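Novice: Sharing final_3.tsv, TSV, C-alpha atoms:
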```tsv
chain	number	residue	atom	x	y	z
L	81	MET	CA	0.00	0.00	0.00
L	82	SER	CA	1.56	3.20	-1.14
L	83	ASP	CA	1.45	6.43	0.84
L	84	THR	CA	1.32	8.51	-2.32
L	85	ILE	CA	-1.80	10.34	-3.44
L	86	ASP	CA	-3.50	8.33	-6.17
L	87	ILE	CA	-3.26	9.82	-9.65
L	88	SER	CA	-6.96	9.63	-10.59
L	89	LEU	CA	-8.05	11.21	-7.32
L	90	MET	CA	-5.42	13.85	-7.80
L	91	ARG	CA	-6.55	14.64	-11.33
L	92	GLU	CA	-10.15	14.87	-10.21
L	93	ARG	CA	-9.25	17.28	-7.45
L	94	VAL	CA	-7.02	19.41	-9.64
L	95	GLU	CA	-9.57	19.67	-12.43
L	96	THR	CA	-12.28	20.90	-10.11
L	97	ILE	CA	-10.24	23.98	-9.39
L	98	GLU	CA	-13.43	26.06	-9.16
L	99	ALA	CA	-14.55	24.15	-6.08
L	100	LEU	CA	-11.42	24.86	-4.07
L	101	PRO	CA	-11.93	27.53	-1.40
L	102	THR	CA	-8.25	28.60	-1.44
L	103	VAL	CA	-8.41	29.57	-5.11
L	104	PRO	CA	-9.20	33.30	-5.45
L	105	ALA	CA	-12.47	34.27	-7.13
L	106	THR	CA	-10.75	35.98	-10.08
L	107	LEU	CA	-8.82	32.84	-10.93
L	108	LYS	CA	-12.03	30.79	-10.80
L	109	GLN	CA	-13.69	33.29	-13.12
L	110	ILE	CA	-10.72	33.19	-15.47
L	111	SER	CA	-10.72	29.41	-15.41
L	112	GLY	CA	-14.37	29.43	-16.50
L	113	MET	CA	-13.55	31.91	-19.25
L	114	LEU	CA	-10.60	29.88	-20.56
L	115	GLU	CA	-12.71	26.73	-20.73
L	116	LYS	CA	-15.15	28.22	-23.24
L	117	PRO	CA	-14.85	26.38	-26.52
L	118	ARG	CA	-15.37	29.39	-28.72
L	119	LEU	CA	-13.97	32.34	-26.88
L	120	SER	CA	-14.04	35.36	-29.19
L	121	ILE	CA	-11.51	38.17	-29.24
L	122	GLU	CA	-14.23	40.65	-28.26
L	123	GLU	CA	-15.34	38.52	-25.33
L	124	LEU	CA	-11.81	38.13	-23.98
L	125	GLY	CA	-11.10	41.84	-24.56
L	126	ARG	CA	-14.27	42.86	-22.70
L	127	PHE	CA	-13.52	40.50	-19.83
L	128	ILE	CA	-10.01	41.88	-19.29
L	129	ALA	CA	-11.02	45.49	-19.87
L	130	GLY	CA	-13.67	45.11	-17.17
L	131	ASP	CA	-10.89	44.75	-14.60
L	132	PRO	CA	-8.53	47.74	-14.65
L	133	ALA	CA	-5.94	46.08	-12.38
L	134	LEU	CA	-5.80	43.04	-14.63
L	135	THR	CA	-5.59	45.23	-17.72
L	136	SER	CA	-2.67	47.18	-16.38
L	137	LYS	CA	-0.82	44.02	-15.28
L	138	ILE	CA	-1.21	42.45	-18.72
L	139	LEU	CA	-0.10	45.62	-20.48
L	140	LYS	CA	2.95	45.83	-18.23
L	141	MET	CA	3.77	42.29	-19.14
L	142	VAL	CA	3.43	42.68	-22.91
L	143	ASN	CA	5.51	45.83	-22.78
L	144	SER	CA	8.26	44.10	-20.78
L	145	ALA	CA	11.40	42.35	-22.01
L	146	ALA	CA	9.63	38.99	-21.97
L	147	TYR	CA	7.43	39.98	-24.90
L	148	GLY	CA	9.62	42.44	-26.71
L	149	PHE	CA	7.17	45.19	-27.50
L	150	PRO	CA	8.57	47.84	-25.16
L	151	ASN	CA	6.17	50.71	-24.67
L	152	ARG	CA	4.34	49.94	-27.86
L	153	ILE	CA	1.14	48.22	-26.78
L	154	SER	CA	-1.38	50.49	-25.16
L	155	SER	CA	-4.60	48.50	-25.15
L	156	ILE	CA	-5.78	44.93	-24.67
L	157	SER	CA	-7.31	44.82	-28.15
L	158	HIS	CA	-3.97	45.96	-29.58
L	159	ALA	CA	-2.22	43.22	-27.57
L	160	ILE	CA	-4.60	40.55	-28.86
L	161	MET	CA	-4.12	41.80	-32.41
L	162	LEU	CA	-0.33	41.73	-32.18
L	163	LEU	CA	0.19	38.68	-30.01
L	164	GLY	CA	-2.82	36.53	-30.79
L	165	LEU	CA	-5.63	35.16	-28.68
L	166	ASN	CA	-3.66	32.28	-27.19
L	167	VAL	CA	-0.78	34.44	-26.01
L	168	VAL	CA	-3.16	36.86	-24.29
L	169	ARG	CA	-5.11	33.95	-22.73
L	170	GLY	CA	-1.79	32.62	-21.42
L	171	LEU	CA	-0.80	36.02	-20.07
L	172	LEU	CA	-4.18	36.42	-18.42
L	173	LEU	CA	-3.55	33.19	-16.58
L	174	GLY	CA	0.08	34.10	-15.85
L	175	VAL	CA	-0.67	37.46	-14.27
L	176	SER	CA	-3.62	36.10	-12.33
L	177	VAL	CA	-1.55	33.37	-10.67
L	178	PHE	CA	1.24	35.89	-10.09
L	179	GLU	CA	0.07	36.75	-6.57
L	180	LEU	CA	-0.40	33.08	-5.75
L	181	MET	CA	3.09	32.32	-6.98
L	182	ARG	CA	4.59	35.13	-4.95
L	183	ARG	CA	2.70	34.25	-1.82
L	184	ASN	CA	3.09	30.49	-1.89
L	185	ILE	CA	6.41	29.69	-3.50
L	186	GLU	CA	9.23	32.14	-3.06
L	187	GLY	CA	11.14	32.80	-6.26
L	188	LEU	CA	8.71	30.99	-8.57
L	189	TRP	CA	7.44	34.14	-10.24
L	190	GLU	CA	10.95	35.42	-10.98
L	191	HIS	CA	11.90	31.98	-12.28
L	192	SER	CA	8.82	31.89	-14.54
L	193	LEU	CA	9.48	35.36	-15.93
L	194	GLY	CA	13.11	34.41	-16.54
L	195	CYS	CA	11.97	31.37	-18.49
L	196	ALA	CA	9.62	33.54	-20.54
L	197	VAL	CA	12.52	35.85	-21.45
L	198	ALA	CA	14.96	33.02	-22.24
L	199	ALA	CA	12.38	31.02	-24.19
L	200	ARG	CA	11.50	33.99	-26.34
L	201	TRP	CA	15.15	34.70	-27.12
L	202	ILE	CA	15.86	31.09	-28.11
L	203	ALA	CA	12.60	30.85	-30.09
L	204	GLN	CA	13.58	33.92	-32.09
L	205	LYS	CA	17.03	32.55	-32.66
L	206	LYS	CA	15.52	29.29	-33.90
L	207	GLN	CA	13.14	31.29	-36.09
L	208	VAL	CA	10.02	29.86	-34.52
L	209	LYS	CA	7.03	31.52	-36.19
L	210	GLU	CA	5.39	32.71	-32.98
L	211	PRO	CA	8.13	33.35	-30.39
L	212	GLU	CA	5.60	34.95	-28.03
L	213	GLU	CA	3.72	31.67	-27.78
L	214	VAL	CA	6.92	29.93	-26.69
L	215	SER	CA	7.45	32.73	-24.21
L	216	VAL	CA	4.02	31.97	-22.71
L	217	CYS	CA	5.08	28.30	-22.48
L	218	GLY	CA	8.09	29.49	-20.45
L	219	LEU	CA	5.89	31.68	-18.26
L	220	LEU	CA	3.40	28.91	-17.46
L	221	HIS	CA	5.60	25.78	-17.46
L	222	ASP	CA	5.59	25.48	-13.65
L	223	ILE	CA	1.94	26.40	-13.11
L	224	GLY	CA	1.39	22.88	-11.76
L	225	LYS	CA	3.46	23.80	-8.69
L	226	VAL	CA	1.00	26.54	-7.76
L	227	ILE	CA	-1.96	24.23	-8.24
L	228	LEU	CA	-0.32	21.46	-6.19
L	229	ILE	CA	0.38	23.82	-3.33
L	230	LEU	CA	-3.22	25.11	-3.40
L	231	HIS	CA	-4.73	21.63	-3.42
L	232	PHE	CA	-2.26	19.79	-1.21
L	233	PRO	CA	-0.64	22.43	1.01
L	234	GLU	CA	0.53	20.06	3.74
L	235	GLU	CA	1.98	17.49	1.40
L	236	TYR	CA	3.67	20.15	-0.69
L	237	GLU	CA	5.39	21.56	2.34
L	238	LYS	CA	6.83	18.11	2.91
L	239	VAL	CA	7.89	17.98	-0.75
L	240	GLN	CA	9.77	21.25	-0.39
L	241	ALA	CA	11.38	20.14	2.87
L	242	LYS	CA	12.45	16.83	1.37
L	243	ALA	CA	13.94	18.48	-1.73
L	244	GLY	CA	15.90	20.92	0.43
L	245	LYS	CA	17.12	18.26	2.85
L	246	GLU	CA	18.12	15.65	0.32
L	247	GLY	CA	19.46	17.91	-2.41
L	248	ILE	CA	16.99	16.74	-5.03
L	249	THR	CA	14.79	18.80	-7.34
L	250	LEU	CA	11.16	19.52	-6.47
L	251	HIS	CA	10.19	17.42	-9.47
L	252	GLU	CA	11.98	14.41	-7.96
L	253	ALA	CA	10.61	15.04	-4.49
L	254	GLU	CA	7.03	15.34	-5.78
L	255	ARG	CA	7.17	11.73	-6.97
L	256	VAL	CA	7.66	10.57	-3.40
L	257	PHE	CA	4.38	12.11	-2.23
L	258	PHE	CA	2.22	12.07	-5.32
L	259	ASP	CA	1.66	9.73	-8.23
L	260	ALA	CA	2.04	12.70	-10.55
L	261	THR	CA	4.33	15.73	-10.70
L	262	HIS	CA	3.78	19.43	-11.28
L	263	SER	CA	4.32	18.88	-15.02
L	264	ASP	CA	1.43	16.39	-15.16
L	265	VAL	CA	-0.82	18.61	-13.08
L	266	GLY	CA	-0.02	21.66	-15.20
L	267	SER	CA	-0.79	19.78	-18.40
L	268	TRP	CA	-4.17	18.53	-17.09
L	269	LEU	CA	-5.22	22.09	-16.50
L	270	ALA	CA	-3.72	23.38	-19.74
L	271	ARG	CA	-5.89	20.82	-21.57
L	272	LYS	CA	-8.95	21.72	-19.53
L	273	TRP	CA	-8.32	25.37	-20.39
L	274	ARG	CA	-8.02	24.52	-24.09
L	275	PHE	CA	-4.51	25.75	-24.55
L	276	PRO	CA	-2.83	24.80	-27.82
L	277	VAL	CA	-0.93	21.52	-27.99
L	278	ASN	CA	2.51	23.18	-27.99
L	279	LEU	CA	1.75	24.78	-24.64
L	280	VAL	CA	0.28	21.57	-23.20
L	281	GLU	CA	3.32	19.53	-24.25
L	282	ALA	CA	5.85	22.15	-23.17
L	283	ILE	CA	4.28	22.06	-19.70
L	284	GLU	CA	3.88	18.29	-19.60
L	285	TYR	CA	7.36	17.38	-20.82
L	286	HIS	CA	9.60	20.23	-19.72
L	287	HIS	CA	11.47	17.76	-17.52
L	288	ARG	CA	11.36	14.95	-20.10
L	289	PRO	CA	11.53	16.69	-23.49
L	290	ARG	CA	12.12	13.47	-25.41
L	291	LEU	CA	8.52	12.41	-24.79
L	292	SER	CA	7.04	15.35	-26.66
L	293	LYS	CA	5.30	14.24	-29.84
L	294	SER	CA	3.95	17.34	-31.51
L	295	ALA	CA	5.97	20.19	-30.01
L	296	GLN	CA	9.54	18.94	-29.74
L	297	LEU	CA	11.14	22.28	-30.52
L	298	GLU	CA	8.99	24.32	-28.11
L	299	THR	CA	9.41	21.71	-25.37
L	300	ALA	CA	13.19	21.62	-25.89
L	301	ILE	CA	13.28	25.43	-25.72
L	302	VAL	CA	11.36	25.50	-22.41
L	303	HIS	CA	13.46	22.63	-21.02
L	304	VAL	CA	16.74	24.42	-21.83
L	305	SER	CA	15.40	27.83	-20.71
L	306	ASP	CA	14.39	26.31	-17.38
L	307	ALA	CA	17.93	24.98	-16.86
L	308	LEU	CA	19.60	28.24	-17.95
L	309	VAL	CA	17.45	30.33	-15.61
L	310	HIS	CA	18.35	27.97	-12.76
L	311	ALA	CA	22.00	28.14	-13.83
L	312	LYS	CA	21.93	31.93	-13.71
L	313	GLY	CA	20.36	31.73	-10.26
L	314	ILE	CA	17.15	33.65	-10.95
L	315	GLY	CA	14.29	32.83	-8.58
L	316	THR	CA	16.08	29.83	-7.13
L	317	ALA	CA	14.76	30.36	-3.62
L	318	HIS	CA	12.21	27.57	-4.13
L	319	ASP	CA	14.44	25.08	-5.94
L	320	ASP	CA	18.10	25.90	-6.40
L	321	LEU	CA	19.40	22.82	-8.22
L	322	VAL	CA	20.11	23.18	-11.92
L	323	PRO	CA	18.17	20.39	-13.66
L	324	ALA	CA	20.33	18.35	-16.04
L	325	ILE	CA	19.77	19.22	-19.69
L	326	ASN	CA	18.68	16.36	-21.90
L	327	PRO	CA	21.35	15.85	-24.62
L	328	ASP	CA	18.74	15.26	-27.35
L	329	ALA	CA	16.91	18.49	-26.55
L	330	TRP	CA	20.26	20.27	-26.46
L	331	GLY	CA	21.22	18.74	-29.81
L	332	LEU	CA	17.94	19.88	-31.33
L	333	LEU	CA	18.58	23.51	-30.45
L	334	GLN	CA	22.26	23.68	-31.47
L	335	LEU	CA	22.99	26.71	-29.32
L	336	SER	CA	26.51	28.14	-29.50
L	337	VAL	CA	28.54	29.45	-26.57
L	338	ASN	CA	27.69	32.95	-27.76
L	339	ASP	CA	23.98	32.12	-27.81
L	340	ILE	CA	24.11	30.99	-24.19
L	341	LYS	CA	26.02	34.12	-23.25
L	342	ALA	CA	23.41	36.21	-25.04
L	343	VAL	CA	20.59	34.49	-23.13
L	344	LEU	CA	22.41	35.12	-19.83
L	345	ASP	CA	22.91	38.78	-20.76
L	346	GLU	CA	19.27	39.06	-21.72
L	347	LEU	CA	18.26	37.59	-18.35
L	348	GLU	CA	20.58	39.95	-16.52
L	349	GLU	CA	19.15	42.89	-18.40
L	350	ALA	CA	15.55	41.83	-17.77
L	351	ALA	CA	16.08	41.07	-14.09
L	352	SER	CA	17.94	44.30	-13.42
L	353	SER	CA	15.47	46.46	-15.29
L	354	GLU	CA	13.26	47.95	-12.68
L	355	THR	CA	9.89	47.13	-14.10
L	356	GLU	CA	7.09	46.19	-11.82
L	357	VAL	CA	6.61	42.76	-13.34
L	358	TRP	CA	9.90	41.58	-11.83
B	273	MET	CA	38.90	40.40	-77.13
B	274	LYS	CA	35.71	38.49	-76.59
B	275	GLY	CA	37.40	36.41	-73.89
B	276	ARG	CA	38.56	39.53	-72.06
B	277	ASN	CA	35.08	41.00	-72.16
B	278	LEU	CA	33.66	37.82	-70.72
B	279	LYS	CA	36.27	37.88	-67.99
B	280	ASN	CA	35.34	41.46	-67.15
B	281	LEU	CA	31.71	40.55	-67.17
B	282	ASP	CA	32.40	37.72	-64.72
B	283	LYS	CA	34.32	40.10	-62.51
B	284	THR	CA	31.49	42.62	-62.60
B	285	ARG	CA	28.97	39.93	-61.85
B	286	ALA	CA	31.04	38.69	-58.92
B	287	GLY	CA	31.34	42.28	-57.70
B	288	VAL	CA	27.61	42.92	-57.97
B	289	ASN	CA	26.83	39.62	-56.27
B	290	ALA	CA	29.20	40.39	-53.44
B	291	LEU	CA	27.72	43.83	-52.99
B	292	PHE	CA	24.13	42.79	-53.42
B	293	GLY	CA	24.64	39.70	-51.29
B	294	THR	CA	25.85	41.84	-48.41
B	295	CYS	CA	22.90	44.18	-48.82
B	296	LEU	CA	20.49	41.26	-48.79
B	297	ALA	CA	22.09	39.81	-45.69
B	298	ASP	CA	21.84	43.23	-44.11
B	299	ILE	CA	18.19	43.58	-45.03
B	300	ARG	CA	17.47	40.09	-43.71
B	301	ARG	CA	19.20	40.97	-40.45
B	302	LYS	CA	17.11	44.09	-40.13
B	303	ILE	CA	13.86	42.27	-40.78
B	304	ARG	CA	14.55	39.59	-38.22
B	305	TYR	CA	15.98	41.96	-35.70
B	306	ILE	CA	16.90	40.35	-32.43
B	307	PRO	CA	18.37	42.85	-29.99
B	308	ASN	CA	21.96	41.80	-29.68
B	309	ALA	CA	23.04	41.06	-26.12
B	310	LYS	CA	26.13	43.21	-26.66
B	311	GLU	CA	23.94	46.16	-27.53
B	312	LEU	CA	22.07	45.65	-24.32
B	313	LYS	CA	25.19	45.27	-22.23
B	314	GLY	CA	25.97	48.11	-19.94
B	315	LEU	CA	22.50	49.54	-20.15
B	316	ARG	CA	20.18	49.86	-17.23
B	317	LYS	CA	16.50	50.62	-17.18
B	318	ILE	CA	15.51	52.63	-14.14
B	319	HIS	CA	12.55	54.53	-12.80
B	320	PRO	CA	13.00	58.31	-13.24
B	321	ASP	CA	12.86	58.76	-9.44
B	322	LYS	CA	16.16	56.91	-9.24
B	323	LEU	CA	18.00	59.10	-11.75
B	324	GLU	CA	20.95	61.00	-10.35
B	325	PRO	CA	23.20	63.79	-11.65
B	326	GLY	CA	26.24	62.31	-13.40
B	327	MET	CA	24.35	59.36	-14.93
B	328	ILE	CA	24.67	59.01	-18.70
B	329	LEU	CA	21.63	58.39	-20.89
B	330	ALA	CA	21.99	55.15	-22.81
B	331	LYS	CA	18.91	55.84	-24.94
B	332	PRO	CA	17.39	59.17	-25.95
B	333	ILE	CA	14.39	60.59	-24.15
B	334	LEU	CA	11.67	61.54	-26.60
B	335	ILE	CA	8.78	63.94	-26.46
B	336	GLY	CA	6.42	62.53	-29.05
B	337	SER	CA	8.81	61.72	-31.85
B	338	ALA	CA	11.22	64.58	-31.11
B	339	VAL	CA	14.42	63.95	-29.19
B	340	PHE	CA	14.37	65.86	-25.91
B	341	LEU	CA	17.71	64.50	-24.67
B	342	GLY	CA	20.04	62.42	-26.81
B	343	GLU	CA	21.97	59.28	-26.04
B	344	GLY	CA	25.20	59.98	-24.18
B	345	VAL	CA	23.92	63.10	-22.38
B	346	VAL	CA	25.36	63.43	-18.87
B	347	LEU	CA	22.52	64.27	-16.50
B	348	THR	CA	22.66	67.37	-14.37
B	349	GLU	CA	20.47	68.14	-11.38
B	350	ARG	CA	18.26	70.34	-13.57
B	351	LEU	CA	17.87	67.67	-16.25
B	352	VAL	CA	17.06	65.03	-13.66
B	353	SER	CA	14.25	67.12	-12.23
B	354	ARG	CA	12.92	67.92	-15.73
B	355	ILE	CA	12.86	64.21	-16.64
B	356	GLN	CA	11.17	63.41	-13.36
B	357	ASN	CA	8.41	65.86	-14.23
B	358	MET	CA	7.74	64.15	-17.56
B	359	ASN	CA	5.77	61.23	-16.11
B	360	LEU	CA	7.93	58.61	-17.81
B	361	ASP	CA	7.80	54.98	-16.71
B	362	TYR	CA	11.56	54.56	-17.05
B	363	ALA	CA	14.75	55.82	-18.63
B	364	PHE	CA	17.83	53.98	-19.88
B	365	VAL	CA	21.18	54.91	-18.38
B	366	GLU	CA	24.63	53.47	-18.90
B	367	GLY	CA	26.09	50.99	-16.46
B	368	ARG	CA	25.29	47.69	-14.92
B	369	SER	CA	22.96	47.12	-12.03
B	370	GLU	CA	24.68	46.60	-8.73
B	371	GLN	CA	25.35	43.01	-7.95
B	372	ASP	CA	23.97	42.29	-4.55
B	373	MET	CA	26.69	40.05	-3.13
B	374	PRO	CA	30.49	39.73	-3.25
B	375	LEU	CA	31.88	37.81	-6.26
B	376	GLU	CA	33.19	34.93	-4.12
B	377	GLU	CA	29.75	34.38	-2.70
B	378	ALA	CA	28.14	34.48	-6.15
B	379	LEU	CA	30.61	31.84	-7.39
B	380	ALA	CA	30.07	29.65	-4.32
B	381	LEU	CA	26.33	29.76	-4.97
B	382	LEU	CA	26.99	28.79	-8.58
B	383	ASP	CA	28.94	25.70	-7.38
B	384	HIS	CA	26.07	24.89	-5.08
B	385	ARG	CA	23.49	25.11	-7.85
B	386	PHE	CA	25.52	22.77	-10.07
B	387	ARG	CA	26.37	20.34	-7.24
B	388	ASN	CA	24.53	17.43	-8.87
B	389	CYS	CA	25.95	17.93	-12.36
B	390	ASP	CA	29.56	16.80	-11.85
B	391	GLY	CA	29.44	13.84	-14.23
B	392	SER	CA	28.10	15.73	-17.26
B	393	ASP	CA	30.41	17.49	-19.73
B	394	LEU	CA	27.47	19.43	-21.17
B	395	MET	CA	26.45	20.77	-17.76
B	396	MET	CA	30.04	21.56	-16.83
B	397	ASN	CA	30.45	23.53	-20.06
B	398	ILE	CA	27.32	25.49	-19.28
B	399	LYS	CA	28.52	26.10	-15.75
B	400	GLU	CA	31.79	27.49	-17.13
B	401	ILE	CA	29.91	29.90	-19.41
B	402	VAL	CA	27.78	31.07	-16.47
B	403	ARG	CA	30.91	31.43	-14.31
B	404	LYS	CA	32.53	33.72	-16.90
B	405	HIS	CA	29.27	35.64	-17.23
B	406	ILE	CA	29.14	36.22	-13.46
B	407	ILE	CA	32.79	37.34	-13.33
B	408	GLU	CA	32.13	39.80	-16.17
B	409	LEU	CA	29.27	41.34	-14.20
B	410	TYR	CA	31.74	42.31	-11.50
B	411	GLU	CA	34.37	43.81	-13.83
```
Can the structure in the file be given as structure tokens, please?
Specialist:
Amino acid sequence: MSDTIDISLMRERVETIEALPTVPATLKQISGMLEKPRLSIEELGRFIAGDPALTSKILKMVNSAAYGFPNRISSISHAIMLLGLNVVRGLLLGVSVFELMRRNIEGLWEHSLGCAVAARWIAQKKQVKEPEEVSVCGLLHDIGKVILILHFPEEYEKVQAKAGKEGITLHEAERVFFDATHSDVGSWLARKWRFPVNLVEAIEYHHRPRLSKSAQLETAIVHVSDALVHAKGIGTAHDDLVPAINPDAWGLLQLSVNDIKAVLDELEEAASSETEVW
Amino acid sequence: MKGRNLKNLDKTRAGVNALFGTCLADIRRKIRYIPNAKELKGLRKIHPDKLEPGMILAKPILIGSAVFLGEGVVLTERLVSRIQNMNLDYAFVEGRSEQDMPLEEALALLDHRFRNCDGSDLMMNIKEIVRKHIIELYE
């Protein structure tokens, strides 16, 4: 008899995020919005515009280094036009879990933003058609950690303690307490919220990029960005070990020494720029 | 005679190709513009409230599309207060942000972060690049 939390029970609990009292009302509302099968641009625009705080957070984000349109986007409709519906849906989720990330897991928000910056740089370098989408993958890749901590606060505290004590990553420690990890949990929700397959797979396989079937490049980019942000030491308060890079994912990206230096410089620049999103 | 003309033509063609090729490469670079990390190096984005006399603007400050203060301008007390009255979100000045710990400590933390990667050449190579990057930040 295992002490771990059973995977089907876990999935059921995670997917009924609306029923959880510790999830703030805005996030529940957003979750409902993201689930809609045919969400129109106007509907999403109206929803965000109805909340001035949310609007200003999203605009700060799109005008920051992570999205590369400094000071150019002044309205949500402009953002949707330039970045696309999926990117703005991802950002809406990102900024709404921001407070939860800050409050519950120290350093996770900085780490996520760092991944968004690194992923965008690498995606551009690799000439991915929509680098902003890959950036959103970087921003949301660890969203499962937030959800795990909201649903299983006591167990997750033990996970964090175990990782710290034994010098293992959170991903490894999660396996001891749960039948699934933050990457599984994140991908369940990403599917429930109808995110595109590249985002779902980048979240699901960012620790095991070889398993990605339809988004190998995006998953490899998020996997390597995750490691580089850890290597640089951004937001490592919650998990300071650099995860080992998978050689196949590394081979797929073919990054030169200068590319890695450029990503590190970009991270330094973004982290030292005094914008409110950091 | 004919042979010489052909030779000249070849030369011209090679010349045009070389010239045009460079232009094309240049145009391609401009279209797919990725801000070069070197261009960003030594540039700091700060809130106007944190500007001080003596700082050097790394990017111009614009009013509409007109340049109010150009790149390279050394700020005086008067300029600082004028910029602060412009309601800008930020300005770019030269210089790196202050590193918040001594170099030795930053390198010790780097070792600590990579403590499980000893057996991997790939990870050790990355660690070395990060180590050089950190040292450069302190220079």
Novice: Kindly give the distance, in Å, that separates CA of Glu349 in chain B and CA of Ile328 in chain B, rounded to a single decimal.
Specialist: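 Calculated distance between CA of Glu349 in chain B and CA of Ile328 in chain B is 12.4 Å.
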Novice: To one decimal place in Å, what is the distance between CA of Ile325 in chain L and CA of Tyr410 in chain B?
Specialist: 27.3 Å
Novice: Restricting the calculation to all atoms listed in the file, which member of B:Glu376, B:Glu343, B:Glu411, B:Asp361 is positioned closest to chain L?
Specialist: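 Closest candidate: B:Asp361.
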Novice: For Val280 in chain L, which residue among L:His221, L:Arg200, L:Arg93, L:Arg255 is the nearest when counting only C-alpha atoms?
Specialist: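 Using only C-alpha atoms, Val280 in chain L sits closest to L:His221.
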Novice: Skipping near chain neighbours, those fewer than 6 positions away, what residues fall within 8 Å of range 188-196 of chain L using all atoms listed in the file, listed as a VMD selection string?
Specialist: chain L and resid 146 178 181 to 182 214 to 222 302 305 to 306 309 to 310 314 to 318 347 350 to 351 358
Novice: Please produce a file of those selected residues containing C-alpha atoms, as a short mmCIF file (atom, residue, chain, number, x, y, z; two decimals), in the coordinates of the input.
Specialist:
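Saved file out-v3.cif follows:
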```cif
data_model
loop_
_atom_site.label_atom_id
_atom_site.label_comp_id
_atom_site.auth_asym_id
_atom_site.auth_seq_id
_atom_site.Cartn_x
_atom_site.Cartn_y
_atom_site.Cartn_z
CA ALA L 146 9.63 38.99 -21.97
CA PHE L 178 1.24 35.89 -10.09
CA MET L 181 3.09 32.32 -6.98
CA ARG L 182 4.59 35.13 -4.95
CA VAL L 214 6.92 29.93 -26.69
CA SER L 215 7.45 32.73 -24.21
CA VAL L 216 4.02 31.97 -22.71
CA CYS L 217 5.08 28.30 -22.48
CA GLY L 218 8.09 29.49 -20.45
CA LEU L 219 5.89 31.68 -18.26
CA LEU L 220 3.40 28.91 -17.46
CA HIS L 221 5.60 25.78 -17.46
CA ASP L 222 5.59 25.48 -13.65
CA VAL L 302 11.36 25.50 -22.41
CA SER L 305 15.40 27.83 -20.71
CA ASP L 306 14.39 26.31 -17.38
CA VAL L 309 17.45 30.33 -15.61
CA HIS L 310 18.35 27.97 -12.76
CA ILE L 314 17.15 33.65 -10.95
CA GLY L 315 14.29 32.83 -8.58
CA THR L 316 16.08 29.83 -7.13
CA ALA L 317 14.76 30.36 -3.62
CA HIS L 318 12.21 27.57 -4.13
CA LEU L 347 18.26 37.59 -18.35
CA ALA L 350 15.55 41.83 -17.77
CA ALA L 351 16.08 41.07 -14.09
CA TRP L 358 9.90 41.58 -11.83
#
```
Novice: Taking into account all atoms listed in the file, which residue in the set L:Glu284, L:Asp86, L:Glu246, L:Asp259 is nearest to chain B?
Specialist: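 Among the listed residues, the smallest separation from chain B belongs to L:Glu246.
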Novice: May I ask which of the residues L:Ala260, L:Ala133, L:Val277, L:Ile156 is the closest one to Gly224 in chain L, counting all atoms listed in the file?
Specialist: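 Among the listed residues, L:Ala260 lies closest to Gly224 in chain L.
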Novice: Counting only C-alpha atoms, which residues of chain L come no farther than 8 Å from chain B, as a list in words?
Specialist: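 On the chain L side, the interface is Trp201, Gln204, Lys205, His310, Ala311, Lys312, Gly313, Asp320, Leu321, Val322, Ala324, Ile325, Pro327, Val337, Ile340, Lys341, Ala342, Val343, Leu344, Asp345, Glu346, Glu349, Ser352, Ser353, Glu354 and Thr355 of chain L.
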Novice: Could you work out how far CA of Ile110 in chain L lies from CA of Ile138 in chain L, giving the answer in Å with one decimal?
Specialist: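 CA of Ile138 in chain L sits 13.7 Å away from CA of Ile110 in chain L.
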Novice: Pick from B:Leu375, B:Ile335, B:Leu347, B:Ile407: nearest to Asn359 in chain B, with only C-alpha atoms counted?
Specialist: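 For Asn359 in chain B, the nearest of the candidates is B:Ile335.
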Novice: Emit as lines of an AutoDock Vina configuration file the padded axis-aligned box for all listed atoms of range 126-130 of chain L, 3 Å per side, with centre and edge lengths in Å to one decimal.
Specialist:
```
center_x = -12.1
center_y = 43.0
center_z = -19.9
size_x = 10.3
size_y = 11.0
size_z = 11.5
```
Novice: Nearest to Glu252 in chain L among L:Pro323, L:Gln296, L:Met161, L:Asn166, with distances taken over all atoms listed in the file: which residue is it?
Specialist: L:Pro323
Novice: For Ile227 in chain L, find every residue with an atom within 12 Å (counting only C-alpha atoms), except residues of its own chain fewer than 2 positions away, and show them as a PyMOL selection string.
Specialist: chain L and resi 90-91+93-98+100+102-104+107+177+180-181+184-185+220+222-225+229-233+236+261-270
Novice: Applying 12 Å and all atoms listed in the file, which residues near Lys293 in chain L remain after dropping the ones on its own chain fewer than 2 positions away? List them as a ChimeraX atom specification.
Specialist: /L:277-278,280-282,284-285,288-291,295-300
